[in-house]
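Shown below: run_37.txt, with compact mmCIF, C-alpha atoms.
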# COMPACT_ATOMS: atom_id res chain seq x y z
CA MET A 19 0.00 0.00 0.00
CA ALA A 20 1.16 3.56 -0.61
CA PRO A 21 0.90 6.20 2.09
CA VAL A 22 -1.26 9.25 1.92
CA ALA A 23 -0.67 12.67 3.39
CA THR A 24 0.17 12.94 7.03
CA THR A 25 -1.52 15.28 9.48
CA GLU A 26 0.08 17.67 11.92
CA PRO A 27 0.19 16.67 15.61
CA ASN A 28 -2.90 17.83 17.49
CA ASP A 29 -1.20 18.15 20.88
CA ALA A 30 -0.13 21.66 21.70
CA THR A 31 3.12 22.08 23.58
CA ASN A 32 3.86 24.69 26.23
CA GLY A 33 7.59 24.87 25.78
CA THR A 34 8.30 22.36 28.54
CA ALA A 35 10.68 19.45 28.14
CA ASN A 36 7.75 17.02 28.25
CA GLY A 37 5.89 18.95 25.59
CA ALA A 38 8.93 19.12 23.35
CA ALA A 39 9.58 15.41 23.75
CA LYS A 40 5.97 14.65 22.88
CA ALA A 41 6.17 16.83 19.77
CA VAL A 42 9.39 15.13 18.67
CA LYS A 43 7.79 11.72 19.17
CA ASN A 44 4.80 12.68 17.05
CA VAL A 45 6.92 14.11 14.24
CA THR A 46 9.21 11.08 14.31
CA ALA A 47 6.24 8.75 13.96
CA GLN A 48 5.10 10.68 10.92
CA LEU A 49 8.47 10.86 9.22
CA PHE A 50 9.52 7.25 9.65
CA ASN A 51 6.29 5.30 9.38
CA PRO A 52 5.00 6.02 5.87
CA PHE A 53 2.78 2.97 5.45
CA TYR A 54 -0.43 4.22 6.97
CA SER A 55 -3.45 6.31 6.10
CA PRO A 56 -4.63 9.03 8.49
CA THR A 57 -8.24 9.66 9.39
CA VAL A 58 -10.28 10.36 6.29
CA SER A 59 -12.25 13.57 6.50
CA GLY A 60 -13.35 13.18 2.89
CA ASP A 61 -14.34 15.78 0.37
CA GLY A 62 -17.47 16.81 2.28
CA ASP A 63 -20.85 15.32 1.43
CA ASP A 64 -20.33 12.06 -0.44
CA SER A 65 -23.98 11.01 -0.69
CA ASP A 66 -23.81 11.35 -4.47
CA TYR A 67 -20.58 9.35 -4.77
CA LYS A 68 -21.38 6.03 -6.42
CA TYR A 69 -18.91 4.09 -4.31
CA ALA A 70 -19.36 5.82 -0.95
CA LYS A 71 -20.07 2.48 0.74
CA TYR A 72 -16.56 1.38 -0.21
CA LYS A 73 -14.80 4.42 1.25
CA PRO A 74 -12.32 3.75 4.09
CA HIS A 75 -13.48 2.63 7.51
CA TRP A 76 -11.37 1.54 10.49
CA PRO A 77 -13.35 -0.86 12.74
CA ASP A 78 -12.10 -0.90 16.32
CA VAL A 79 -11.94 -4.66 16.77
CA LYS A 80 -9.33 -7.17 17.91
CA TRP A 81 -8.28 -10.26 15.98
CA GLU A 82 -6.28 -13.27 17.13
CA PRO A 83 -2.74 -13.82 15.83
CA LEU A 84 -2.53 -15.70 12.54
CA GLY A 85 -1.56 -19.36 12.70
CA GLU A 86 -0.50 -21.71 9.94
CA ILE A 87 -3.04 -22.03 7.13
CA ALA A 88 -3.37 -24.89 4.65
CA VAL A 89 -2.81 -23.55 1.14
CA THR A 90 -2.84 -25.35 -2.21
CA ASP A 91 -1.41 -23.46 -5.14
CA ARG A 92 -3.95 -23.74 -7.94
CA GLY A 93 -1.28 -23.15 -10.58
CA GLN A 94 -0.05 -26.72 -10.14
CA TYR A 95 -3.31 -27.98 -11.70
CA ALA A 96 -3.03 -25.77 -14.78
CA ASP A 97 -2.34 -26.83 -18.34
CA PRO A 98 1.25 -25.65 -18.87
CA GLU A 99 0.23 -24.18 -22.23
CA LYS A 100 -2.79 -22.41 -20.65
CA LYS A 101 -4.87 -23.13 -23.77
CA SER A 102 -8.28 -22.64 -22.16
CA LEU A 103 -7.43 -19.19 -20.80
CA LEU A 104 -5.37 -17.82 -23.67
CA SER A 105 -7.73 -19.05 -26.37
CA ALA A 106 -10.54 -17.09 -24.71
CA ALA A 107 -8.60 -13.82 -25.00
CA SER A 108 -8.94 -11.60 -28.05
CA LYS A 109 -5.38 -10.40 -27.49
CA VAL A 110 -2.42 -11.49 -25.35
CA GLN A 111 0.18 -8.76 -25.03
CA HIS A 112 3.41 -9.24 -23.08
CA LEU A 113 4.45 -5.77 -21.94
CA THR A 114 8.16 -6.39 -21.23
CA PRO A 115 10.39 -9.45 -21.54
CA ALA A 116 10.71 -9.78 -17.78
CA ILE A 117 7.28 -8.97 -16.39
CA GLY A 118 3.71 -8.06 -17.20
CA THR A 119 1.03 -9.36 -19.58
CA GLU A 120 -2.28 -7.78 -20.59
CA LEU A 121 -5.22 -9.99 -21.59
CA SER A 122 -8.04 -8.45 -23.63
CA GLY A 123 -11.51 -9.80 -24.30
CA ILE A 124 -11.86 -11.79 -21.07
CA ASP A 125 -14.64 -11.33 -18.51
CA LEU A 126 -13.27 -12.43 -15.14
CA ARG A 127 -16.81 -13.21 -13.97
CA GLN A 128 -17.05 -15.96 -16.57
CA LEU A 129 -13.83 -17.87 -15.89
CA THR A 130 -14.10 -21.62 -15.40
CA ASP A 131 -12.08 -23.26 -12.63
CA GLN A 132 -9.66 -24.53 -15.28
CA GLN A 133 -9.17 -21.00 -16.58
CA LYS A 134 -8.68 -19.69 -13.03
CA ASP A 135 -5.96 -22.29 -12.48
CA GLU A 136 -4.29 -21.30 -15.74
CA LEU A 137 -4.48 -17.66 -14.70
CA ALA A 138 -2.64 -18.56 -11.50
CA LEU A 139 0.12 -20.15 -13.59
CA LEU A 140 0.30 -17.19 -15.96
CA VAL A 141 0.59 -14.78 -13.02
CA ALA A 142 3.31 -17.02 -11.51
CA GLU A 143 5.25 -16.92 -14.77
CA ARG A 144 4.72 -13.27 -15.76
CA GLY A 145 4.53 -11.67 -12.29
CA VAL A 146 1.47 -9.51 -12.99
CA VAL A 147 -1.45 -9.79 -15.44
CA PHE A 148 -3.73 -6.89 -16.39
CA PHE A 149 -7.37 -6.72 -17.47
CA ARG A 150 -9.49 -3.74 -18.46
CA ASP A 151 -13.25 -3.11 -18.59
CA GLN A 152 -14.06 -5.59 -15.83
CA GLU A 153 -17.57 -5.31 -14.38
CA LEU A 154 -17.19 -7.79 -11.53
CA ASN A 155 -18.23 -6.38 -8.16
CA ILE A 156 -16.28 -6.69 -4.93
CA HIS A 157 -18.10 -9.88 -3.90
CA GLU A 158 -17.17 -11.49 -7.21
CA GLN A 159 -13.61 -10.24 -6.82
CA LEU A 160 -13.45 -11.89 -3.40
CA ASP A 161 -14.84 -15.14 -4.80
CA LEU A 162 -12.14 -15.16 -7.48
CA ALA A 163 -9.47 -14.48 -4.88
CA ARG A 164 -10.72 -17.31 -2.64
CA HIS A 165 -10.05 -19.74 -5.48
CA TYR A 166 -6.36 -19.07 -4.82
CA GLY A 167 -6.36 -19.33 -1.02
CA PRO A 168 -7.84 -18.20 2.30
CA LEU A 169 -8.12 -14.41 2.36
CA HIS A 170 -5.93 -12.17 4.48
CA LYS A 171 -7.45 -9.54 6.77
CA HIS A 172 -5.15 -6.54 7.24
CA ALA A 173 -4.38 -5.48 10.80
CA THR A 174 -4.19 -1.72 10.25
CA THR A 175 -5.41 -0.52 6.86
CA PRO A 176 -9.01 0.48 6.10
CA VAL A 177 -11.89 -1.74 5.04
CA PRO A 178 -15.07 -0.59 3.26
CA ARG A 179 -17.86 1.07 5.19
CA GLU A 180 -20.23 -1.64 4.01
CA PRO A 181 -20.43 -4.35 6.72
CA GLY A 182 -19.09 -7.82 6.07
CA LEU A 183 -16.12 -6.82 3.91
CA GLU A 184 -13.27 -7.11 6.42
CA GLU A 185 -11.24 -9.12 3.88
CA VAL A 186 -11.13 -6.11 1.54
CA HIS A 187 -8.26 -3.65 1.64
CA VAL A 188 -9.28 -0.12 0.59
CA VAL A 189 -6.88 2.12 -1.31
CA TYR A 190 -8.23 5.67 -1.27
CA ASN A 191 -7.01 9.22 -1.67
CA ASP A 192 -8.85 12.39 -2.63
CA GLY A 193 -8.34 16.14 -2.69
CA SER A 194 -8.53 16.44 1.09
CA ARG A 195 -5.10 14.83 1.50
CA ARG A 196 -2.11 16.42 -0.17
CA PRO A 197 0.94 14.13 -0.42
CA ASP A 198 3.64 15.01 2.09
CA PRO A 199 7.06 14.15 0.63
CA SER A 200 8.71 14.86 3.99
CA SER A 201 7.13 11.69 5.38
CA PHE A 202 8.56 9.18 2.90
CA SER A 203 11.03 8.64 0.09
CA LYS A 204 9.95 7.01 -3.15
CA LEU A 205 12.34 4.10 -2.61
CA GLU A 206 10.67 3.29 0.73
CA LEU A 207 7.30 2.83 -0.95
CA TRP A 208 8.35 -0.26 -2.89
CA HIS A 209 6.94 -3.30 -1.12
CA SER A 210 5.47 -6.76 -1.31
CA ASP A 211 2.16 -6.77 0.54
CA VAL A 212 2.34 -7.79 4.21
CA SER A 213 5.56 -9.75 3.66
CA TYR A 214 5.96 -9.88 7.45
CA GLU A 215 3.20 -12.50 7.75
CA LEU A 216 4.15 -16.14 8.27
CA GLN A 217 2.36 -16.94 4.99
CA PRO A 218 2.48 -13.82 2.84
CA PRO A 219 0.09 -13.35 -0.11
CA SER A 220 0.04 -15.11 -3.46
CA ALA A 221 -2.18 -14.03 -6.40
CA THR A 222 -3.41 -10.63 -5.22
CA SER A 223 -5.99 -8.56 -7.13
CA LEU A 224 -6.62 -4.82 -7.18
CA LYS A 225 -9.51 -3.17 -9.01
CA VAL A 226 -9.61 0.59 -9.54
CA ILE A 227 -13.19 1.83 -9.27
CA THR A 228 -12.47 5.57 -9.45
CA GLY A 229 -9.31 7.01 -10.95
CA PRO A 230 -7.67 10.25 -12.00
CA PRO A 231 -7.67 11.29 -15.66
CA TYR A 232 -3.91 10.73 -15.69
CA GLY A 233 -1.30 9.72 -13.15
CA GLY A 234 -1.74 7.27 -10.30
CA ASP A 235 0.12 4.50 -12.16
CA THR A 236 1.52 1.44 -10.42
CA LEU A 237 4.92 -0.12 -11.13
CA TRP A 238 5.92 -3.74 -10.47
CA SER A 239 9.45 -5.12 -10.32
CA SER A 240 10.35 -8.77 -10.91
CA GLY A 241 12.18 -10.71 -8.21
CA TYR A 242 12.96 -13.38 -10.82
CA ALA A 243 14.74 -10.85 -13.02
CA LEU A 244 16.58 -9.37 -10.06
CA TYR A 245 17.93 -12.79 -9.09
CA SER A 246 18.91 -13.56 -12.70
CA SER A 247 20.88 -10.32 -12.97
CA PHE A 248 23.52 -11.33 -10.44
CA SER A 249 26.67 -13.38 -10.84
CA PRO A 250 26.50 -17.09 -9.89
CA GLY A 251 28.68 -16.51 -6.84
CA PHE A 252 26.50 -13.72 -5.49
CA GLN A 253 23.35 -15.72 -6.26
CA LYS A 254 24.71 -18.60 -4.19
CA TYR A 255 25.61 -16.26 -1.35
CA LEU A 256 22.12 -14.73 -1.29
CA GLU A 257 20.52 -18.19 -1.30
CA GLY A 258 22.03 -18.87 2.12
CA LEU A 259 20.65 -15.71 3.75
CA THR A 260 17.48 -14.95 5.67
CA ALA A 261 15.97 -11.57 6.53
CA VAL A 262 13.59 -10.08 9.09
CA HIS A 263 10.29 -8.68 7.78
CA SER A 264 8.50 -6.45 10.26
CA ALA A 265 4.96 -5.09 10.77
CA VAL A 266 6.03 -2.92 13.70
CA ALA A 267 6.52 0.36 11.81
CA GLN A 268 3.18 -0.03 10.08
CA ALA A 269 1.41 -0.62 13.38
CA ASP A 270 3.23 2.29 15.02
CA GLY A 271 2.19 4.51 12.13
CA ALA A 272 -1.45 3.50 12.52
CA ARG A 273 -1.37 4.24 16.24
CA ALA A 274 0.32 7.58 15.61
CA ALA A 275 -2.56 8.44 13.27
CA GLY A 276 -5.09 7.50 15.94
CA GLN A 277 -6.18 4.32 14.16
CA PRO A 278 -6.82 0.94 15.82
CA VAL A 279 -4.42 -1.96 15.38
CA ARG A 280 -6.68 -4.96 14.98
CA ARG A 281 -3.95 -7.58 15.34
CA GLU A 282 -0.64 -7.13 17.12
CA PRO A 283 2.35 -6.65 14.79
CA VAL A 284 4.67 -9.53 14.03
CA GLU A 285 8.21 -9.95 12.76
CA THR A 286 9.03 -13.00 10.66
CA VAL A 287 12.24 -14.37 9.18
CA HIS A 288 12.03 -15.35 5.50
CA PRO A 289 14.69 -16.53 3.00
CA VAL A 290 16.27 -13.79 0.90
CA VAL A 291 15.83 -16.07 -2.12
CA ARG A 292 12.58 -18.02 -2.23
CA VAL A 293 11.37 -20.51 -4.81
CA HIS A 294 7.95 -20.32 -6.41
CA PRO A 295 6.21 -23.64 -5.68
CA VAL A 296 4.79 -24.04 -9.21
CA THR A 297 7.39 -22.55 -11.57
CA GLY A 298 10.36 -23.71 -9.50
CA TRP A 299 12.07 -20.39 -10.29
CA LYS A 300 14.18 -18.51 -7.77
CA SER A 301 13.18 -14.99 -6.75
CA ILE A 302 14.69 -12.32 -4.51
CA TYR A 303 12.29 -11.81 -1.59
CA VAL A 304 13.08 -8.55 0.18
CA ASN A 305 11.42 -5.15 -0.06
CA PRO A 306 12.11 -1.65 1.29
CA GLY A 307 8.71 -1.37 2.94
CA PHE A 308 9.01 -4.26 5.39
CA THR A 309 12.45 -5.93 5.26
CA ARG A 310 14.58 -4.63 8.12
CA ARG A 311 17.84 -6.61 8.27
CA ILE A 312 19.75 -9.67 7.13
CA VAL A 313 20.09 -12.27 9.88
CA GLY A 314 23.49 -13.42 11.13
CA VAL A 315 25.77 -10.96 9.34
CA PRO A 316 27.39 -7.72 10.52
CA LYS A 317 25.09 -4.71 10.31
CA ALA A 318 27.33 -3.00 7.76
CA GLU A 319 27.11 -6.07 5.53
CA SER A 320 23.33 -6.30 5.97
CA ASP A 321 22.90 -2.62 5.17
CA ALA A 322 25.05 -2.91 2.04
CA ILE A 323 23.21 -5.98 0.73
CA LEU A 324 19.76 -4.51 1.32
CA GLU A 325 20.76 -1.15 -0.16
CA LEU A 326 21.91 -2.91 -3.34
CA LEU A 327 18.76 -5.03 -3.60
CA PHE A 328 16.39 -2.17 -2.77
CA ARG A 329 17.96 0.14 -5.33
CA GLN A 330 17.88 -2.49 -8.05
CA ILE A 331 14.19 -3.11 -7.30
CA ALA A 332 13.33 0.58 -7.47
CA GLU A 333 15.73 1.85 -10.12
CA ASN A 334 16.40 -0.86 -12.71
CA PRO A 335 13.84 -0.41 -15.51
CA ASP A 336 14.71 -3.78 -17.08
CA PHE A 337 12.93 -5.50 -14.18
CA GLN A 338 9.83 -3.29 -14.22
CA VAL A 339 6.46 -2.80 -15.85
CA ARG A 340 4.27 0.29 -15.42
CA PHE A 341 0.48 0.22 -15.72
CA HIS A 342 -1.89 3.14 -16.25
CA TRP A 343 -5.20 2.41 -14.61
CA GLU A 344 -8.64 3.17 -15.95
CA PRO A 345 -11.87 2.66 -14.00
CA ASN A 346 -12.65 -1.10 -13.97
CA SER A 347 -9.04 -2.08 -14.62
CA ILE A 348 -7.80 -5.02 -12.58
CA ALA A 349 -4.26 -6.19 -11.91
CA ILE A 350 -3.52 -9.64 -10.50
CA TRP A 351 0.03 -10.08 -9.30
CA ASP A 352 1.98 -12.72 -7.42
CA ASN A 353 3.27 -11.08 -4.26
CA ARG A 354 5.77 -13.92 -3.83
CA ILE A 355 7.82 -12.85 -6.84
CA VAL A 356 7.23 -9.12 -7.41
CA THR A 357 7.37 -5.86 -5.51
CA HIS A 358 5.31 -2.81 -6.43
CA SER A 359 4.87 0.90 -5.81
CA ALA A 360 2.26 3.47 -6.83
CA THR A 361 2.99 6.91 -8.23
CA PHE A 362 1.56 9.67 -6.05
CA ASP A 363 1.22 12.33 -8.68
CA PHE A 364 -2.55 12.68 -9.10
CA TRP A 365 -3.56 15.06 -6.28
CA PRO A 366 -6.16 16.60 -6.04
CA HIS A 367 -7.99 13.90 -8.02
CA THR A 368 -9.57 10.85 -6.40
CA ARG A 369 -8.05 7.39 -6.70
CA HIS A 370 -10.11 4.57 -5.17
CA ALA A 371 -9.35 0.86 -5.44
CA LEU A 372 -10.25 -2.41 -3.71
CA ARG A 373 -7.80 -5.25 -3.02
CA ALA A 374 -8.36 -8.95 -2.30
CA THR A 375 -5.37 -10.79 -0.86
CA PRO A 376 -5.12 -14.61 -0.62
CA HIS A 377 -2.54 -16.20 1.65
CA GLY A 378 0.25 -18.16 0.03
CA GLU A 379 2.51 -20.82 1.48
CA ARG A 380 5.34 -20.18 3.92
CA PRO A 381 8.31 -19.04 1.79
CA LEU A 382 10.74 -21.83 1.04
CA SER A 383 14.46 -21.31 0.54
CA VAL A 384 16.26 -23.02 -2.31
CA GLU A 385 17.50 -25.73 0.06
CA GLU A 386 14.04 -26.26 1.57
CA TYR A 387 12.33 -26.37 -1.82
CA GLU A 388 14.77 -28.90 -3.25
CA LYS A 389 14.59 -31.10 -0.15
CA LYS A 390 10.77 -30.99 -0.08
CA THR A 391 10.14 -31.56 -3.80
CA GLY A 392 13.18 -33.48 -4.99
CA LYS A 393 13.41 -30.94 -7.84
CA VAL A 394 16.21 -28.51 -8.69
CA ALA A 395 15.24 -24.85 -8.30
CA LYS A 396 16.08 -22.82 -11.41
CA ASP A 397 17.11 -19.39 -12.60
CA ARG A 398 14.12 -18.17 -14.67
CA GLN A 399 16.17 -16.49 -17.38
CA LEU A 400 18.49 -19.45 -17.88
CA ASP A 401 15.52 -21.82 -17.90
CA LEU A 402 13.72 -19.81 -20.59
CA TRP A 403 16.85 -19.55 -22.74
CA GLU A 404 17.35 -23.30 -22.44
CA GLN A 405 13.71 -23.96 -23.42
CA GLN A 406 14.18 -21.70 -26.46
CA GLY A 407 17.36 -23.48 -27.50
CA LEU A 408 19.49 -20.38 -26.98
CA PRO A 409 23.12 -20.56 -25.81
CA LEU A 410 23.68 -19.96 -22.13
CA PRO A 411 26.20 -17.36 -20.97
CA LYS A 412 29.64 -18.56 -19.97
CA HIS A 413 31.16 -17.22 -16.78
CA ASP A 414 34.94 -17.22 -17.22
CA ASN A 415 36.36 -16.27 -13.86
CA SER A 416 39.89 -16.29 -15.23
CA VAL A 417 39.24 -13.14 -17.25
CA SER A 418 39.65 -9.89 -15.38
CA ARG A 419 36.70 -7.52 -15.82
CA GLY A 420 37.18 -3.86 -15.08
CA TYR A 421 39.91 -2.09 -13.21
CA THR A 422 42.13 -3.91 -10.72
CA ASP A 423 44.48 -2.16 -8.35
Target encoding structure tokens, full file:
Amino acid sequence: MAPVATTEPNDATNGTANGAAKAVKNVTAQLFNPFYSPTVSGDGDDSDYKYAKYKPHWPDVKWEPLGEIAVTDRGQYADPEKKSLLSAASKVQHLTPAIGTELSGIDLRQLTDQQKDELALLVAERGVVFFRDQELNIHEQLDLARHYGPLHKHATTPVPREPGLEEVHVVYNDGSRRPDPSSFSKLELWHSDVSYELQPPSATSLKVITGPPYGGDTLWSSGYALYSSFSPGFQKYLEGLTAVHSAVAQADGARAAGQPVRREPVETVHPVVRVHPVTGWKSIYVNPGFTRRIVGVPKAESDAILELLFRQIAENPDFQVRFHWEPNSIAIWDNRIVTHSATFDFWPHTRHALRATPHGERPLSVEEYEKKTGKVAKDRQLDLWEQQGLPLPKHDNSVSRGYTD
């Protein structure tokens, strides 16, 4: 999720040490916890807004901690050629070599279970798949998402005003909230949704129901392509690492904004390189939004590794695809293998979207995947080249590359 504008502290200070400390605490919470939405005052009377019942609401309830959940990846049942799904499309357009496909002429309400399974496989292979002109309502969107796994309920972000939709994540911003660039950097906004959970999401869907005339795009970056870009030695090194993913800053940000935290924040250790259970491809699994540190290495080393990975995610265009939304556009992406970030350039226009988020499996490292399945995890790019009969690159370590002192 992307942040919206922060609000100024309401507590007045009287110049005392306690007052100053309180003010500093409030400002610090704003500046360093960007992943939250403050109280929505709205644009005044919204009785004539078609989707008012889906505007943000923060129920003050408490939920139990999440335990392990049985998940079956539907992509494993798909026809590898995805004939049923792709033959139903009037056009199949890959948007970049690494990531992103747009399917035209498909009504998501009409998908058979076979086509849903093939969509799961396509999303696993391409990272994110886009559809336009989709009339399915939020209940139908939830039904589609449930095909892929039990749905996640977010601990801090808003749900729709309409009762019974606690599994829906609302993305909303309007003219009443001006973006505050002092509260976040653009690099920090890249994330994989709720990666701190024990079983983070799989095939996640977002439908824009109201959008600006221009701007408000979302970018996705491929963890497959990021892994493939590194040298074999560095790939092997990363495969042995784990990292801490934390919900603490997000929960602190919600509390600082006066919002309830419905489930206490968790921190979870995940492999830095995970393997997709269906494709068998290796993907980098860290993100600036929630990954805090590499486990078991000096802090300087952890900082350097994460800085490299974060900057490649955010800055390397070869790994990315950018999508311009229209009302009734839907993106379905695999949170296990991509990170994403929205552009925040559309103020004062309204951008309103609804997300459904199925749980995936617990992330498996390369070693865990190979031990569990008896299969060899693969580099996506090398695997595709091999399937296409193309020569693989040779890594000659005896040849000096670049300047040596």
Any chance you could tabulate, as a Markdown table, the residues of region 252-345 of chain A at most 8 Å from region 135-153 of chain A with each one's nearest atom pair and distance in Å to one decimal, using all atoms listed in the file, in chain and rising number order?
| residue | atom | partner | partner_atom | distance |
| --- | --- | --- | --- | --- |
| A:His294 | CA | A:Ala142 | CA | 7.6 |
| A:Val296 | CA | A:Leu139 | CA | 7.5 |
| A:Thr297 | CA | A:Glu143 | CA | 6.8 |
| A:Glu344 | CA | A:Arg150 | CA | 7.4 |
| A:Pro345 | CA | A:Asp151 | CA | 7.5 |
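With distances restricted to all atoms listed in the file, A:Ser210 is the closest residue to Ser264 (chain A) from A:Ser220, A:Ser210, A:Leu237, A:Leu244.
Considering the residues A:Asn353, A:Asn191, A:Thr130, A:Ser203 and counting all atoms listed in the file, Gln217 (chain A) has its shortest atom-to-atom contact with A:Asn353.
The residue that comes closest to Gly182 (chain A), out of A:Val262, A:Ala322, A:Leu160, A:Ala349 and on the basis of only C-alpha atoms, is A:Leu160.
We find CA of Val339 (chain A) and CA of Lys109 (chain A) to be spaced 18.3 Å apart.
The shortest atom-to-atom distance to Pro250 (chain A), with all atoms listed in the file taken into account, belongs to A:Pro411 out of A:Pro411, A:Gly233, A:Pro316, A:Gly307.
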request  = Using only C-alpha atoms, determine which residues lie at most 12 Å from Ser246 (chain A), disregarding the query and same-chain residues fewer than 4 positions distant; provide the list as a ChimeraX atom specification.
outcome  = /A:116,240-242,250-254,256,291,299-302,336-337,396-403,411
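CA of Tyr214 (chain A) sits 13.8 Å away from CA of Ile312 (chain A).
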request  = Write out as a VMD selection string which residues come within 7 Å of region 358-360 of chain A when counting only C-alpha atoms, dropping same-chain ones fewer than 6 positions away.
outcome  = chain A and resid 20 207 to 210 234 to 239
With C-alpha atoms retained, could you export that selection as a compact mmCIF listing (two decimals), in the coordinates of the input?
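File selection_28.txt, as written:
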# COMPACT_ATOMS: atom_id res chain seq x y z
CA ALA A 20 1.16 3.56 -0.61
CA LEU A 207 7.30 2.83 -0.95
CA TRP A 208 8.35 -0.26 -2.89
CA HIS A 209 6.94 -3.30 -1.12
CA SER A 210 5.47 -6.76 -1.31
CA GLY A 234 -1.74 7.27 -10.30
CA ASP A 235 0.12 4.50 -12.16
CA THR A 236 1.52 1.44 -10.42
CA LEU A 237 4.92 -0.12 -11.13
CA TRP A 238 5.92 -3.74 -10.47
CA SER A 239 9.45 -5.12 -10.32
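Coordinates place CA of Val212 (chain A) at a distance of 24.5 Å from CA of Asn346 (chain A).
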Step by step, gather every atom of region 314-327 of chain A that the file lists, find the box along x, y and z that holds them, add 4 Å on each side, and finally give centre and edge lengths in Å to one decimal, as JSON.
{"center_x": 23.1, "center_y": -7.3, "center_z": 3.8, "size_x": 16.6, "size_y": 20.3, "size_z": 22.7}
query = Which is closest to Leu326 (chain A) among A:Ile156, A:Ala265, A:Val304, A:Val89, if we use all atoms listed in the file?
reply = A:Val304
Up to 6 Å from (1.6, -11.3, -22.6) in the file's coordinates: name the residues, counting all atoms listed in the file, as a PDB file with C-alpha atoms, in the coordinates of the input.
ATOM      1  CA  VAL A 110      -2.420 -11.490 -25.350  1.00  0.00           C
ATOM      2  CA  GLN A 111       0.180  -8.760 -25.030  1.00  0.00           C
ATOM      3  CA  HIS A 112       3.410  -9.240 -23.080  1.00  0.00           C
ATOM      4  CA  THR A 119       1.030  -9.360 -19.580  1.00  0.00           C
ATOM      5  CA  GLU A 120      -2.280  -7.780 -20.590  1.00  0.00           C
TER       6      GLU A 120
END
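The closest residue to Trp343 (chain A), picked from A:Arg273, A:Lys225, A:His263, A:Arg292 and counting only C-alpha atoms, is A:Lys225.
Shell of Tyr166 (chain A) at 8 Å, with only C-alpha atoms counted and residues fewer than 6 places along the chain excluded, is A:Thr90, A:Asp91, A:Arg92, A:Ala138, A:Ser220, A:Ala221, A:Pro376.
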Go ahead and save the picked residues with C-alpha atoms, as a PDB file, keeping the file's coordinate frame.
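After the write, selection_39.pdb holds the following:
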ATOM      1  CA  THR A  90      -2.840 -25.350  -2.210  1.00  0.00           C
ATOM      2  CA  ASP A  91      -1.410 -23.460  -5.140  1.00  0.00           C
ATOM      3  CA  ARG A  92      -3.950 -23.740  -7.940  1.00  0.00           C
ATOM      4  CA  ALA A 138      -2.640 -18.560 -11.500  1.00  0.00           C
ATOM      5  CA  SER A 220       0.040 -15.110  -3.460  1.00  0.00           C
ATOM      6  CA  ALA A 221      -2.180 -14.030  -6.400  1.00  0.00           C
ATOM      7  CA  PRO A 376      -5.120 -14.610  -0.620  1.00  0.00           C
TER       8      PRO A 376
END
How about completing region 304-315 of chain A with N, CA and C atoms and giving it to me as a CSV table (one decimal), in the frame of the given file?
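The result, stored in selection.csv:
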chain,number,residue,atom,x,y,z
A,304,VAL,N,12.9,-9.6,-0.8
A,304,VAL,CA,13.1,-8.6,0.2
A,304,VAL,C,12.4,-7.3,-0.4
A,305,ASN,N,12.0,-6.4,0.4
A,305,ASN,CA,11.4,-5.2,-0.1
A,305,ASN,C,11.7,-4.0,0.9
A,306,PRO,N,11.8,-2.8,0.4
A,306,PRO,CA,12.1,-1.6,1.3
A,306,PRO,C,11.0,-1.4,2.3
A,307,GLY,N,9.8,-1.7,2.0
A,307,GLY,CA,8.7,-1.4,2.9
A,307,GLY,C,8.8,-2.1,4.2
A,308,PHE,N,9.2,-3.4,4.2
A,308,PHE,CA,9.0,-4.3,5.4
A,308,PHE,C,10.3,-5.1,5.8
A,309,THR,N,11.3,-5.2,4.9
A,309,THR,CA,12.4,-5.9,5.3
A,309,THR,C,13.4,-5.0,6.0
A,310,ARG,N,13.8,-5.5,7.2
A,310,ARG,CA,14.6,-4.6,8.1
A,310,ARG,C,16.1,-5.0,8.2
A,311,ARG,N,16.4,-6.3,8.1
A,311,ARG,CA,17.8,-6.6,8.3
A,311,ARG,C,18.1,-8.1,7.8
A,312,ILE,N,19.3,-8.3,7.4
A,312,ILE,CA,19.8,-9.7,7.1
A,312,ILE,C,20.2,-10.3,8.4
A,313,VAL,N,19.8,-11.6,8.6
A,313,VAL,CA,20.1,-12.3,9.9
A,313,VAL,C,21.5,-12.8,9.8
A,314,GLY,N,22.2,-12.7,11.0
A,314,GLY,CA,23.5,-13.4,11.1
A,314,GLY,C,24.7,-12.9,10.4
A,315,VAL,N,24.6,-11.6,9.9
A,315,VAL,CA,25.8,-11.0,9.3
A,315,VAL,C,26.0,-9.6,10.0
